Structure formats: C-alpha cells, structure tokens
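Next up, structure-v3.txt (compact mmCIF, C-alpha atoms):
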```txt
# COMPACT_ATOMS: atom_id res chain seq x y z
CA MET A 1345 -39.79 47.73 -0.89
CA LYS A 1346 -41.01 44.17 -1.52
CA MET A 1347 -39.25 44.11 -4.92
CA LYS A 1348 -36.02 45.36 -3.34
CA PHE A 1349 -36.17 42.51 -0.86
CA ILE A 1350 -36.67 39.93 -3.64
CA TYR A 1351 -33.73 41.38 -5.60
CA LEU A 1352 -31.57 41.22 -2.49
CA LEU A 1353 -32.62 37.62 -1.90
CA LEU A 1354 -31.78 36.69 -5.49
CA ILE A 1355 -28.34 38.22 -5.13
CA VAL A 1356 -27.56 36.62 -1.79
CA MET A 1357 -29.00 33.13 -2.43
CA PRO A 1358 -26.40 31.79 -4.88
CA PHE A 1359 -23.61 32.77 -2.46
CA SER A 1360 -25.42 31.13 0.39
CA CYS A 1361 -25.90 27.90 -1.64
CA ARG A 1362 -22.28 27.91 -2.70
CA SER A 1363 -21.11 28.41 0.83
CA GLN A 1364 -23.31 25.53 2.04
CA SER A 1365 -21.97 23.30 -0.70
CA GLN A 1366 -18.38 24.34 0.07
CA ASP A 1367 -19.01 23.64 3.71
CA ARG A 1368 -20.42 20.21 2.86
CA GLU A 1369 -17.39 19.44 0.69
CA SER A 1370 -14.94 20.56 3.35
CA LYS A 1371 -16.64 18.25 5.84
CA MET A 1372 -16.06 15.15 3.76
CA ASP A 1373 -13.54 12.55 4.86
CA VAL A 1374 -10.70 11.73 2.47
CA GLY A 1375 -12.01 9.37 -0.20
CA ALA A 1376 -15.65 9.57 0.89
CA ILE A 1377 -18.10 8.96 -1.95
CA ARG A 1378 -21.37 10.85 -1.88
CA PHE A 1379 -24.41 9.35 -3.60
CA ASP A 1380 -24.84 10.68 -7.12
CA PRO A 1381 -28.31 10.01 -8.57
CA LYS A 1382 -26.91 10.37 -12.10
CA THR A 1383 -24.55 7.41 -11.80
CA ASP A 1384 -25.35 5.45 -8.66
CA ASN A 1385 -28.00 2.84 -7.95
CA SER A 1386 -30.60 4.40 -5.68
CA ASN A 1387 -31.56 0.94 -4.41
CA PHE A 1388 -28.01 0.12 -3.30
CA PHE A 1389 -28.40 -0.93 0.30
CA LEU A 1390 -26.14 0.28 3.08
CA CYS A 1391 -26.31 -1.25 6.55
CA ASP A 1392 -25.20 2.07 7.99
CA SER A 1393 -25.14 5.02 5.63
CA THR A 1394 -23.55 7.18 8.35
CA LYS A 1395 -20.42 5.04 8.52
CA ILE A 1396 -18.64 3.43 5.61
CA TYR A 1397 -15.31 1.99 6.76
CA GLU A 1398 -12.12 1.46 4.77
CA TYR A 1399 -11.52 -2.12 3.55
CA TYR A 1400 -8.52 -2.48 5.84
CA ASN A 1401 -10.39 -1.48 9.01
CA PHE A 1402 -12.29 -4.76 9.26
CA GLU A 1403 -10.76 -6.92 6.56
CA THR A 1404 -13.21 -6.68 3.68
CA LYS A 1405 -11.73 -9.21 1.27
CA TYR A 1406 -12.27 -11.08 -1.96
CA LEU A 1407 -13.03 -14.80 -1.84
CA GLY A 1408 -9.90 -16.79 -2.68
CA GLU A 1409 -7.54 -14.08 -1.45
CA LYS A 1410 -5.99 -11.30 -3.52
CA VAL A 1411 -4.71 -13.79 -6.08
CA ALA A 1412 -8.28 -14.73 -7.07
CA LEU A 1413 -9.21 -11.08 -7.56
CA LYS A 1414 -6.14 -10.41 -9.69
CA ASP A 1415 -6.47 -13.57 -11.74
CA THR A 1416 -10.11 -12.73 -12.46
CA LEU A 1417 -9.31 -9.16 -13.49
CA PHE A 1418 -6.31 -10.08 -15.65
CA TYR A 1419 -8.45 -12.74 -17.33
CA MET A 1420 -11.29 -10.31 -18.02
CA PHE A 1421 -9.07 -7.46 -19.23
CA LYS A 1422 -9.17 -7.55 -23.02
CA LEU A 1423 -7.46 -4.34 -24.12
CA ASN A 1424 -3.78 -5.11 -23.49
CA GLY A 1425 -1.66 -3.02 -25.80
CA THR A 1426 -4.64 -1.33 -27.48
CA TYR A 1427 -3.85 2.11 -26.05
CA LYS A 1428 -0.07 2.24 -26.29
CA ASN A 1429 0.25 5.76 -24.89
CA VAL A 1430 -1.24 4.81 -21.55
CA ASN A 1431 1.36 5.08 -18.82
CA GLY A 1432 0.14 5.54 -15.29
CA ILE A 1433 -2.46 4.34 -12.85
CA ILE A 1434 -6.22 4.07 -13.16
CA THR A 1435 -7.81 3.65 -9.74
CA ILE A 1436 -11.38 2.53 -9.27
CA ARG A 1437 -12.84 3.13 -5.84
CA PHE A 1438 -16.22 1.88 -4.80
CA VAL A 1439 -18.36 0.65 -1.93
CA VAL A 1440 -18.77 -2.99 -0.91
CA ASN A 1441 -21.90 -3.11 1.19
CA CYS A 1442 -22.62 -5.38 4.12
CA LYS A 1443 -24.14 -7.94 1.72
CA GLY A 1444 -21.02 -8.04 -0.48
CA GLU A 1445 -22.68 -6.04 -3.28
CA THR A 1446 -20.94 -3.12 -4.99
CA ASP A 1447 -21.86 0.36 -6.22
CA ARG A 1448 -20.81 4.03 -6.20
CA PHE A 1449 -17.86 3.49 -8.51
CA ARG A 1450 -15.47 6.42 -8.95
CA VAL A 1451 -12.37 6.73 -11.11
CA LYS A 1452 -9.06 8.54 -10.60
CA GLN A 1453 -6.28 8.63 -13.15
CA VAL A 1454 -2.65 9.71 -12.80
CA ASP A 1455 0.32 9.66 -15.13
CA THR A 1456 3.78 8.38 -14.17
CA ASN A 1457 4.50 11.68 -12.41
CA TYR A 1458 1.34 11.27 -10.34
CA LYS A 1459 -0.36 14.19 -12.05
CA GLU A 1460 -4.05 13.87 -12.84
CA ILE A 1461 -4.71 12.90 -16.43
CA ILE A 1462 -7.58 11.57 -18.53
CA PHE A 1463 -6.86 8.36 -20.42
CA SER A 1464 -8.98 6.80 -23.13
CA GLU A 1465 -12.67 6.75 -22.25
CA LYS A 1466 -13.04 3.28 -23.73
CA LEU A 1467 -10.23 1.91 -21.61
CA VAL A 1468 -11.71 3.39 -18.44
CA ALA A 1469 -15.16 2.08 -19.36
CA HIS A 1470 -13.71 -1.41 -19.85
CA LEU A 1471 -11.94 -1.30 -16.49
CA LEU A 1472 -15.13 -0.12 -14.84
CA ALA A 1473 -17.09 -2.91 -16.48
CA ILE A 1474 -14.71 -5.66 -15.33
CA THR A 1475 -14.43 -4.21 -11.83
CA LYS A 1476 -18.22 -4.20 -11.58
CA GLN A 1477 -18.25 -7.87 -12.48
CA LEU A 1478 -16.32 -8.84 -9.35
CA ASP A 1479 -18.96 -10.60 -7.31
CA LYS A 1480 -17.21 -12.51 -4.57
CA TRP A 1481 -16.64 -9.78 -2.02
CA GLN A 1482 -16.69 -10.76 1.61
CA PRO A 1483 -17.63 -7.79 3.78
CA GLY A 1484 -15.61 -7.22 6.90
CA LYS A 1485 -17.28 -7.63 10.26
CA ARG A 1486 -17.34 -5.43 13.30
CA ASP A 1487 -18.45 -7.08 16.53
CA GLY A 1488 -19.80 -9.91 14.42
CA LYS A 1489 -21.89 -7.62 12.21
CA ALA A 1490 -21.10 -7.16 8.52
CA ILE A 1491 -20.16 -3.60 7.61
CA ASP A 1492 -20.10 -1.40 4.51
CA SER A 1493 -16.66 -0.42 3.29
CA TYR A 1494 -14.72 1.42 0.63
CA VAL A 1495 -12.43 -0.62 -1.59
CA HIS A 1496 -10.18 0.40 -4.46
CA VAL A 1497 -8.33 -1.37 -7.22
CA ASN A 1498 -5.29 0.17 -8.96
CA TYR A 1499 -4.61 -0.76 -12.56
CA LEU A 1500 -0.97 0.03 -13.39
CA PHE A 1501 -0.17 0.50 -17.08
CA GLU A 1502 3.09 0.62 -19.00
CA ASN A 1503 2.78 1.48 -22.68
CA GLY A 1504 -0.80 0.30 -22.67
CA ILE A 1505 0.03 -3.04 -21.06
CA LEU A 1506 -1.65 -3.85 -17.75
CA LYS A 1507 1.45 -4.67 -15.69
CA HIS A 1508 0.17 -4.79 -12.14
CA ILE A 1509 -2.99 -4.70 -10.12
CA THR A 1510 -2.57 -3.37 -6.60
CA PRO A 1511 -2.84 -2.84 -3.66
CA MET B 1392 4.15 -12.84 8.90
CA LYS B 1393 1.39 -13.30 11.37
CA LYS B 1394 2.40 -14.96 14.61
CA SER B 1395 5.75 -16.39 15.43
CA SER B 1396 7.67 -13.43 14.18
CA SER B 1397 6.05 -11.03 16.59
CA ILE B 1398 9.06 -10.94 18.89
CA LEU B 1399 11.48 -10.44 16.01
CA PHE B 1400 9.13 -7.83 14.64
CA LEU B 1401 9.17 -5.92 17.91
CA ILE B 1402 12.95 -6.11 18.03
CA SER B 1403 13.19 -4.78 14.51
CA LEU B 1404 10.81 -1.99 15.45
CA LEU B 1405 12.98 -1.04 18.38
CA LEU B 1406 16.13 -1.20 16.30
CA SER B 1407 14.70 0.87 13.48
CA ILE B 1408 15.12 4.58 13.36
CA ASN B 1409 11.63 5.49 12.41
CA ALA B 1410 12.03 8.96 10.98
CA THR B 1411 8.36 9.14 10.19
CA SER B 1412 7.20 9.02 13.80
CA GLN B 1413 5.97 12.01 15.77
CA PRO B 1414 8.95 14.35 16.28
CA ASN B 1415 10.00 15.50 19.71
CA CYS B 1416 8.51 19.00 19.67
CA TYR B 1417 10.62 20.22 22.57
CA TYR B 1418 13.86 19.07 20.97
CA TYR B 1419 13.33 20.14 17.38
CA TYR B 1420 11.52 23.47 17.72
CA PRO B 1421 12.52 26.51 19.83
CA GLU B 1422 10.38 27.48 22.77
CA GLY B 1423 7.68 29.99 21.85
CA SER B 1424 8.02 29.31 18.12
CA ARG B 1425 5.02 28.78 15.85
CA CYS B 1426 6.46 25.45 14.79
CA ARG B 1427 6.63 24.16 18.34
CA GLU B 1428 3.02 25.20 18.76
CA ALA B 1429 2.08 23.42 15.50
CA CYS B 1430 4.04 20.33 16.54
CA LEU B 1431 2.29 20.18 19.90
CA MET B 1432 -1.07 20.74 18.19
CA SER B 1433 -0.43 17.77 15.92
CA GLU B 1434 -0.52 15.37 18.87
CA LYS B 1435 -4.16 16.36 19.53
CA VAL B 1436 -5.13 16.60 15.86
CA LEU B 1437 -3.90 13.10 15.15
CA GLU B 1438 -6.11 11.66 17.85
CA LYS B 1439 -8.96 12.20 15.40
CA PRO B 1440 -9.63 9.33 12.98
CA GLN B 1441 -7.09 9.31 10.17
CA GLY B 1442 -8.48 10.83 6.98
CA SER B 1443 -11.52 12.31 8.72
CA TRP B 1444 -12.32 15.89 7.75
CA GLN B 1445 -11.69 16.92 11.35
CA SER B 1446 -8.20 15.48 11.24
CA GLN B 1447 -7.40 16.91 7.79
CA GLN B 1448 -8.70 20.38 8.75
CA GLY B 1449 -6.69 20.25 11.95
CA LEU B 1450 -3.58 19.45 9.93
CA ASP B 1451 -4.37 22.33 7.57
CA SER B 1452 -4.54 24.73 10.51
CA LEU B 1453 -1.22 23.67 11.95
CA LEU B 1454 0.42 23.79 8.52
CA VAL B 1455 -0.73 27.39 8.19
CA LEU B 1456 0.94 28.03 11.53
CA CYS B 1457 4.15 26.27 10.49
CA PRO B 1458 4.37 25.56 6.74
CA ASN B 1459 7.78 23.94 7.28
CA PHE B 1460 6.41 21.20 9.52
CA ALA B 1461 7.37 18.17 7.40
CA TYR B 1462 5.65 15.67 9.70
CA GLY B 1463 2.36 17.53 9.25
CA TRP B 1464 2.59 17.27 5.44
CA GLN B 1465 3.42 13.58 5.65
CA GLN B 1466 0.50 12.91 7.97
CA LYS B 1467 -1.80 14.84 5.66
CA SER B 1468 -0.66 12.67 2.73
CA ILE B 1469 -1.22 9.24 4.31
CA PRO B 1470 -5.01 8.84 3.93
CA TYR B 1471 -4.78 9.78 0.25
CA LEU B 1472 -2.31 6.95 -0.28
CA LYS B 1473 -4.44 4.47 1.60
CA ARG B 1474 -7.58 5.53 -0.30
CA GLY B 1475 -6.21 5.59 -3.83
CA ASP B 1476 -5.81 9.33 -4.52
CA TYR B 1477 -2.19 9.32 -5.63
CA ALA B 1478 -2.10 12.82 -7.10
CA SER B 1479 -2.98 14.35 -3.72
CA TRP B 1480 -0.78 11.88 -1.85
CA LYS B 1481 2.26 12.76 -3.92
CA LYS B 1482 1.64 16.49 -3.73
CA TYR B 1483 1.60 16.48 0.07
CA LEU B 1484 4.33 13.91 0.64
CA ASP B 1485 6.65 15.71 -1.76
CA LYS B 1486 6.36 18.73 0.53
CA ALA B 1487 7.54 16.62 3.47
CA VAL B 1488 10.43 15.21 1.43
CA GLU B 1489 11.41 18.68 0.24
CA LEU B 1490 11.49 19.96 3.82
CA ASP B 1491 13.18 16.93 5.36
CA PRO B 1492 14.68 14.64 2.71
CA LYS B 1493 16.64 12.53 5.19
CA GLY B 1494 13.50 11.94 7.19
CA TYR B 1495 11.07 11.07 4.38
CA LEU B 1496 12.93 9.78 1.31
CA GLY B 1497 13.01 6.25 2.69
CA TYR B 1498 9.34 6.38 3.60
CA ARG B 1499 8.38 7.62 0.13
CA ALA B 1500 10.52 4.92 -1.48
CA GLY B 1501 8.65 2.25 0.50
CA CYS B 1502 5.27 3.56 -0.69
CA LEU B 1503 6.42 3.87 -4.30
CA PHE B 1504 7.74 0.35 -4.17
CA ASP B 1505 4.96 -1.67 -2.64
CA ILE B 1506 1.74 0.08 -3.60
CA LEU B 1507 2.70 1.77 -6.85
CA ARG B 1508 5.36 -0.64 -8.16
CA ASP B 1509 7.35 2.43 -9.21
CA TYR B 1510 10.75 0.79 -8.88
CA LYS B 1511 12.63 3.52 -10.72
CA SER B 1512 11.44 6.35 -8.48
CA ALA B 1513 11.80 4.24 -5.33
CA LEU B 1514 15.39 3.35 -6.20
CA SER B 1515 16.16 6.95 -7.05
CA ASP B 1516 14.87 8.03 -3.61
CA LEU B 1517 16.98 5.41 -1.84
CA GLU B 1518 20.11 6.32 -3.78
CA ARG B 1519 19.53 9.97 -2.93
CA LEU B 1520 19.13 9.01 0.72
CA GLU B 1521 22.44 7.15 0.61
CA GLN B 1522 24.15 10.22 -0.77
CA LEU B 1523 22.59 12.55 1.78
CA THR B 1524 23.41 10.35 4.75
CA ASN B 1525 26.69 9.12 3.27
CA SER B 1526 25.71 5.67 4.42
CA LYS B 1527 24.59 2.39 2.89
CA ILE B 1528 22.43 1.73 5.93
CA LEU B 1529 19.05 3.21 5.09
CA GLY B 1530 16.89 2.32 8.06
CA MET B 1531 13.59 0.47 8.02
CA ASN B 1532 10.37 0.88 6.06
CA ALA B 1533 7.32 2.58 7.57
CA GLY B 1534 6.02 -0.71 8.96
CA GLY B 1535 9.34 -1.26 10.71
CA ASP B 1536 9.58 -4.82 9.41
CA LEU B 1537 11.69 -4.47 6.27
CA ASP B 1538 15.19 -3.10 5.86
CA LEU B 1539 15.14 -0.45 3.13
CA ARG B 1540 18.16 -2.18 1.58
CA VAL B 1541 15.85 -5.12 0.80
CA ILE B 1542 13.57 -2.69 -1.03
CA LYS B 1543 16.61 -1.25 -2.82
CA ALA B 1544 17.74 -4.72 -3.90
CA LEU B 1545 14.25 -5.69 -5.05
CA CYS B 1546 13.93 -2.46 -7.06
CA GLN B 1547 17.27 -3.24 -8.71
CA ARG B 1548 16.03 -6.76 -9.43
CA GLU B 1549 12.81 -5.53 -11.00
CA LEU B 1550 14.73 -3.02 -13.11
CA GLY B 1551 17.02 -5.76 -14.38
CA GLN B 1552 20.08 -4.54 -12.49
CA ILE B 1553 20.85 -8.05 -11.31
CA GLN B 1554 24.50 -7.62 -10.36
CA ASN B 1555 23.70 -4.51 -8.33
CA CYS B 1556 20.81 -6.32 -6.70
CA LEU B 1557 22.96 -9.27 -5.61
CA LYS B 1558 25.63 -6.92 -4.35
CA THR B 1559 23.08 -5.01 -2.26
CA PHE B 1560 21.77 -8.23 -0.73
CA GLU B 1561 25.25 -9.63 -0.13
CA GLU B 1562 26.54 -6.49 1.59
CA MET B 1563 23.41 -6.15 3.70
CA VAL B 1564 23.38 -9.75 4.89
CA LEU B 1565 27.12 -9.70 5.63
CA LEU B 1566 26.88 -6.51 7.65
CA ASN B 1567 23.75 -7.56 9.51
CA GLU B 1568 25.24 -10.97 10.33
CA GLN B 1569 28.35 -9.26 11.72
CA LYS B 1570 26.14 -7.05 13.86
CA LYS B 1571 23.83 -9.95 14.71
CA GLN B 1572 20.94 -7.82 13.48
CA ILE B 1573 19.39 -9.94 10.80
CA GLY B 1574 15.83 -8.84 10.10
CA ILE B 1575 12.84 -11.07 9.68
CA TYR B 1576 12.75 -11.16 5.86
CA GLU B 1577 16.31 -10.58 4.69
CA TYR B 1578 17.36 -14.18 4.04
CA HIS B 1579 13.96 -14.91 2.56
CA TYR B 1580 14.05 -12.19 -0.08
CA TYR B 1581 17.70 -12.87 -0.87
CA GLY B 1582 16.61 -16.49 -1.32
CA THR B 1583 13.62 -15.73 -3.56
CA THR B 1584 15.84 -13.52 -5.71
CA LEU B 1585 18.42 -16.32 -6.10
CA PHE B 1586 15.54 -18.69 -6.79
CA ARG B 1587 14.29 -16.46 -9.60
CA LEU B 1588 17.79 -16.44 -11.04
CA LYS B 1589 17.74 -20.25 -10.88
CA LYS B 1590 20.70 -20.24 -8.48
CA PHE B 1591 18.98 -23.00 -6.56
CA ASP B 1592 21.86 -24.17 -4.35
CA GLU B 1593 22.60 -20.65 -3.17
CA ALA B 1594 18.90 -19.99 -2.68
CA LEU B 1595 18.60 -23.10 -0.51
CA ILE B 1596 21.38 -21.81 1.74
CA MET B 1597 19.46 -18.58 2.28
CA PHE B 1598 16.17 -20.40 2.89
CA GLU B 1599 17.83 -22.71 5.42
CA LYS B 1600 19.11 -19.62 7.21
CA GLN B 1601 15.64 -18.09 7.05
CA LEU B 1602 14.19 -21.14 8.75
CA THR B 1603 16.62 -20.65 11.64
CA GLN B 1604 14.97 -17.24 12.06
CA ASN B 1605 11.46 -18.58 11.74
CA ASN B 1606 10.91 -22.25 11.05
CA LYS B 1607 7.18 -21.87 10.47
CA PHE B 1608 7.34 -19.36 7.65
CA ALA B 1609 5.11 -20.93 4.96
CA ASP B 1610 6.58 -18.83 2.15
CA THR B 1611 10.09 -20.18 2.69
CA HIS B 1612 8.86 -23.78 2.86
CA TYR B 1613 7.01 -23.20 -0.40
CA TYR B 1614 10.07 -21.94 -2.26
CA MET B 1615 12.20 -24.76 -0.86
CA GLY B 1616 9.59 -27.20 -2.11
CA CYS B 1617 9.83 -25.60 -5.57
CA ILE B 1618 13.60 -26.06 -5.62
CA TYR B 1619 13.40 -29.72 -4.63
CA GLU B 1620 10.66 -30.25 -7.19
CA ASN B 1621 12.94 -28.72 -9.79
CA GLN B 1622 15.71 -31.10 -8.71
CA ASN B 1623 13.23 -33.95 -9.11
CA LYS B 1624 13.37 -34.76 -5.39
CA ILE B 1625 9.62 -35.16 -5.32
CA GLU B 1626 9.19 -36.66 -1.86
CA VAL B 1627 11.31 -33.93 -0.26
CA ALA B 1628 9.41 -31.31 -2.23
CA LYS B 1629 6.09 -32.71 -1.02
CA LYS B 1630 7.32 -32.55 2.57
CA TYR B 1631 8.03 -28.84 2.19
CA PHE B 1632 4.73 -28.10 0.44
CA ILE B 1633 2.82 -29.96 3.16
CA GLU B 1634 4.67 -27.96 5.80
CA ALA B 1635 3.94 -24.75 3.85
CA GLU B 1636 0.24 -25.60 3.66
CA LYS B 1637 0.03 -26.42 7.36
CA ASN B 1638 1.78 -23.21 8.41
CA TYR B 1639 -0.18 -21.08 5.96
CA LYS B 1640 -3.44 -22.34 7.42
CA LEU B 1641 -2.12 -21.53 10.87
CA GLY B 1642 -1.46 -17.97 9.76
CA TYR B 1643 2.33 -18.09 9.47
CA PHE B 1644 2.74 -16.43 6.11
CA ASN B 1645 3.88 -13.16 4.64
CA ASN B 1646 1.00 -10.70 4.60
CA ASP B 1647 0.32 -7.03 4.96
CA ALA B 1648 -2.06 -5.11 7.20
CA TYR B 1649 -3.38 -3.22 4.16
CA ASP B 1650 -3.66 -6.38 2.08
CA ILE B 1651 -0.98 -5.13 -0.29
CA THR B 1652 0.51 -7.86 -2.44
CA LEU B 1653 4.09 -8.25 -1.23
CA PRO B 1654 7.10 -9.12 -3.38
CA ASP B 1655 7.24 -12.84 -4.24
CA GLN B 1656 4.09 -13.38 -2.22
CA ILE B 1657 2.50 -16.80 -2.25
CA TYR B 1658 -1.09 -17.72 -1.55
CA LEU B 1659 -2.73 -20.92 -0.34
CA LYS B 1660 -3.78 -21.60 -3.93
CA ASN B 1661 -0.11 -21.76 -5.02
CA ILE B 1662 0.65 -24.39 -2.40
CA THR B 1663 -2.42 -26.54 -2.99
CA ASN B 1664 -1.81 -26.46 -6.76
CA LYS B 1665 1.69 -27.82 -6.20
CA LEU B 1666 0.45 -30.57 -3.92
CA THR B 1667 -2.33 -31.52 -6.32
CA ASN B 1668 0.12 -31.75 -9.22
CA LEU B 1669 2.67 -33.79 -7.28
CA ASN B 1670 0.02 -36.19 -6.01
CA LYS B 1671 -1.36 -36.91 -9.50
```
Entire entry expressed as structure tokens:
Amino acid sequence: MKMKFIYLLLIVMPFSCRSQSQDRESKMDVGAIRFDPKTDNSNFFLCDSTKIYEYYNFETKYLGEKVALKDTLFYMFKLNGTYKNVNGIITIRFVVNCKGETDRFRVKQVDTNYKEIIFSEKLVAHLLAITKQLDKWQPGKRDGKAIDSYVHVNYLFENGILKHITP
Amino acid sequence: MKKSSSILFLISLLLSINATSQPNCYYYYPEGSRCREACLMSEKVLEKPQGSWQSQQGLDSLLVLCPNFAYGWQQKSIPYLKRGDYASWKKYLDKAVELDPKGYLGYRAGCLFDILRDYKSALSDLERLEQLTNSKILGMNAGGDLDLRVIKALCQRELGQIQNCLKTFEEMVLLNEQKKQIGIYEYHYYGTTLFRLKKFDEALIMFEKQLTQNNKFADTHYYMGCIYENQNKIEVAKKYFIEAEKNYKLGYFNNDAYDITLPDQIYLKNITNKLTNLNK
C-alpha cells in the first residue's frame, strides 16, 4: 500500500511541478525578467523587487540624452561589416536599478520579417558587452524616490552594418 | 514638442480619425453577438495595467469569444512593441491588420517607421492604405500629432525616392493650407527634407512658415541657424542657435513620450556644439 502511494506520488509530481511552472509563466507581465542564478548577479540590488517599471513610466534616461547613449554605443561597436548576413534587429533588454546600475540582460533577435532568428554568437556577445558598459543611467523617480525599471536597446542591422540604434 | 504646441496638438487630435481607438461596441457589433460581448469586455480588461498578465489574459479570453475582434489583437500587441519583443508584436498586430486593414495599416506603418526604421514596409502599408481608401489623405499617426503623409514622405526620402518625397510633401502642404488644417510638424519636416537636399532657400520658406505655427520650436531655429551658417551669415546664425538653445532648455523641442529618436531630431548637444564653434 505504502509503495503504491509512493509510485502514485512519483507519477503525479512532475505534472504538478509543470503546472505550477506554467501557472507562474502565465502570470508574468509582458517583458518581465525573472532572476536567473545562472546568468544574473545575485547581489544586484532592487529597491522594490515586486515592482519594476518600464523606462517610459518615470523617465529613466541616459545622461546626455539619447544622443550620448547612441554615440557611445556606435563608438564601442567594433564589428561593422564582419557578419555580412546579419539583417534584422538584436534587442537587449535589462534592468536599471534605483542606483543606476544594470543587470538581468536578455536578448531577442528577429530577422527583417520579424521572425525569431539566432545571429552570430560572437556578434551578440559583443553587443551584450558594450551594452553592459553603459554606466550613466539616471533612474526615473516616482514621488521623489528612485525606481527600478526595464530598459531596452535595439540594434538594427543591414548586411552586417549597424545602421540604427533605437528606440 | 513639449509646451506651446499643446493647443495645436489637441486640435490635431480632434481632427484626426483615430482608427485605433476603442470601437463603438453598440454600433459595430449586433446586439447579443459574441463580438459585442467581447468588445464590451475589452473596456474593463483595458483598465488593468497595460502589459500586465491580468490584462493580457483578459484579452486572450475576449479573443477566444470573438477571434475577429481586430481592436483586441492590436491591444494585445502594444506592450510587446513597447518592451522590445517584435516577433510577438508583429504576430498579433498582423492579425488586426488582416481583420481590419483600413483601421490598422496606418498604425502599423507608424510603428514600423519610428521604432523599427523599416521604411520599405511602412511605405508599403501606407500605399496599400491609399489604394484601399482610394484617398491620398491617410489620417494621423497613433499619437495623433503627425499626418501619415509626413511619414510617407519621410519613408520615400529614406529610400532615396526624392522626387516622390517632395511631391508627397508639396501635395500635403497645399491641401492642408487650402483647408486651413496645417499640422504641428508639416512645415518643419518639409523644411528639414529640403535642408538635407541643400535647397536652403526653399527650406527657409518652410521654416519661416513653421515659426508662424510655433515660434518657440527649438528644432526649427536650429535648422535655420545651420542654413545661415552655411550662407556665412554668422551673426544671424548665432541668433538662431541662441534662440534654439533658450527654447530647448525651456522644453520647447521635438520629443517623444517613449523617448524614441524622431526623424531629424536635434539634441542640446547639437546646439551647444554649433555655438561653441561659432564663438571660437
């Protein structure tokens, strides 16, 4: 009887775990980034881990306006024309915390038809590296208090040339 | 544009036919239909924070009820666009366009143009909209502040179709002047396009007209300063750059609520660099 119960538990448990995980996934806001111990800094500080805003909610910005951010990234990007088959957008989304520090970087890639694609690993790694070097973030403020927010940078490529950085 | 254009902005909002706004459920969908129910549900669902799982799940439920509810698909797509997931954004917005091309082609063109710099696809959408509506008047962008013909002209410019671009601007300005419905950026963008083509005298005419719409617009002062600098009228140029700097610092410049870089956008750094160079 006891063995039967253990067998039953072993059969049911994976389904139960999957359903919990599915439930957790379905209760995530669009673009939310969950902490991943494999890639993220466990010491990354959040003022309020229950609420990470979008950059446009409370004007999280880069010092020197958008032009400074773009100039810095274009200057640091060293692989222009190296991967000639790259046509599409590489988006890097991350969190700027209430101290202006960054972490939890995630990458999305689409081709010119907006279908998901995987471009060169080296190119993506380079973009990640230069995005991580941006260190003049100014966190937005809500009621005078600095907040944590999500930010993203789009790198738009045409034949391997970095043509635009948006938004 | 931050301050002084607010009245013009409101007028342009009122004048625009914003096809992407909440549809009138009682007008568009028959009584007792699943689509009317879904439409009415959307009013409540969209009270939830945009992009929250509650809002997205609510939209999913009403799209099950009425899969042909274009507005629901468009609303579902928006947070993906704002948060950098363009594969999902496109998948959902394409549904809305497929169901109601007249209603959403212009909206999609605006997104493709300003965030994704996809001039070819944006222009293709606007040309399709012209064919469908049999009209050159395309309405306004989602923000309600930019005539879609400006976007069409700028796409043509970026694709190197210069003659088409100038024709689009010329026709739009002529028609809007006749109707006394000039928008808040039309002269400005026509001017910056002429400026890029080094048609400085014609550009100045457009910028002068723009200043009659809004005499504090820093961007226009900046470009006028550049023209006078090019003509070696240094003192006049300085005057315009100083005016541009003053107005920029007061908040009278072209900017976007989502901090998207706008076409021909200038920043304070551009103005101060000019002044520094001219004062050397």
Do me a favour and pick out the residues of chain B within 8 Å of chain A, using only C-alpha atoms, as a ChimeraX atom specification. /B:1442-1445,1470-1471,1474-1478,1481,1505-1508,1648-1652,1658,1660
Spatial neighbours of segment 1577-1581 of chain B, max dist 7 Å, all atoms listed in the file, sep filter under 4 positions, as a ChimeraX atom specification: /B:1541,1560,1573,1585,1597-1598,1600-1601,1611
Thr1603 of chain B proximity check over B:Ile1575, B:Lys1473, B:Phe1586, B:Ile1657, using only C-alpha atoms: winner is B:Ile1575
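Pairwise distance (atom CA of Phe1402 of chain A, atom CA of Ala1635 of chain B) equals 26.3 Å.
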Could you pull the residues within 10 Å of Pro1381 of chain A, counting only C-alpha atoms, minus those fewer than 4 positions along the same chain, as a CSV table (one decimal) with C-alpha atoms, keeping the file's coordinate frame?
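Below you can see out-v3.csv, which holds the result:
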```csv
chain,number,residue,atom,x,y,z
A,1385,ASN,CA,-28.0,2.8,-8.0
A,1386,SER,CA,-30.6,4.4,-5.7
A,1448,ARG,CA,-20.8,4.0,-6.2
```
Which residues, written as a short mmCIF file (atom, residue, chain, number, x, y, z; two decimals) with C-alpha atoms, in the frame of the given file, have at least one atom at most 10 Å from segment 1588-1590 of chain B, with only C-alpha atoms counted and residues fewer than 6 positions away on the same chain left out?
```
data_model
loop_
_atom_site.label_atom_id
_atom_site.label_comp_id
_atom_site.auth_asym_id
_atom_site.auth_seq_id
_atom_site.Cartn_x
_atom_site.Cartn_y
_atom_site.Cartn_z
CA ARG B 1548 16.03 -6.76 -9.43
CA ILE B 1553 20.85 -8.05 -11.31
CA GLY B 1582 16.61 -16.49 -1.32
CA ILE B 1618 13.60 -26.06 -5.62
CA ASN B 1621 12.94 -28.72 -9.79
#
```
How far is it from atom CA of Tyr1419 of chain A to atom CA of Ile1474 of chain A, in Å with one decimal?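 Atom CA of Tyr1419 of chain A sits 9.7 Å away from atom CA of Ile1474 of chain A.
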What's around Phe1421 of chain A at 12 Å? Count all atoms listed in the file, leave out sequence neighbours fewer than 3 positions away in its own chain, and write the answer as a ChimeraX atom specification. /A:1414-1418,1424-1426,1467-1475,1477,1499,1504-1509
Once you count all atoms listed in the file, which residues end up no further than 8 Å from (-17.3, -14.6, -4.1) in the file's frame, shown as a count of residues only? 8
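If all atoms listed in the file are the atoms counted, then among A:Cys1442, A:Ile1396, A:Val1430, A:Met1420 the closest residue to Phe1463 of chain A is A:Val1430.
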Using Å and a single decimal, report how far atom CA of Tyr1576 of chain B sits from atom CA of Thr1524 of chain B.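 It comes out at 24.0 Å.
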Identify, on the basis of all atoms listed in the file, every residue whose closest approach to Leu1456 of chain B does not exceed 9 Å; exclude the query and any residue fewer than 6 positions from it along the same chain; express the result as a list in words.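 Those residues are Arg1425, Cys1426, Glu1428 and Ala1429 of chain B.
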For segment 1439-1444 of chain B, take all atoms listed in the file, fit an axis-aligned box around them, add 5 Å to each of the six sides, then output centre and edge lengths in Å rounded to one decimal, as lines of an AutoDock Vina configuration file.
```
center_x = -9.7
center_y = 12.6
center_z = 11.2
size_x = 15.2
size_y = 16.6
size_z = 18.4
```
Could you build a table of the residues in segment 1397-1501 of chain A lying no more than 8 Å from segment 1388-1393 of chain A, giving for each the nearest pair of atoms and their separation in Å rounded to one decimal place, using all atoms listed in the file, ordered by chain and ascending residue number, as a tab-separated table?
```
residue	atom	partner	partner_atom	distance
A:Asn1441	CA	A:Leu1390	CA	5.7
A:Cys1442	CA	A:Cys1391	CA	6.0
A:Thr1446	CA	A:Phe1388	CA	8.0
A:Asp1447	CA	A:Phe1388	CA	6.8
A:Ile1491	CA	A:Cys1391	CA	6.7
A:Asp1492	CA	A:Leu1390	CA	6.4
```
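The nearest approach to Leu1514 of chain B among the residues B:Leu1602, B:Ile1662, B:Cys1546, B:Cys1416, with all atoms listed in the file taken into account, belongs to B:Cys1546.
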Given the point (3.7, 9.9, 1.7) in the file's coordinates, find the residues that have an atom at most 9 Å from it, counting all atoms listed in the file, and give them as an NGL selection string. :B and (1464-1469 or 1471-1472 or 1480-1485 or 1487-1488 or 1495 or 1498-1499 or 1502-1503)
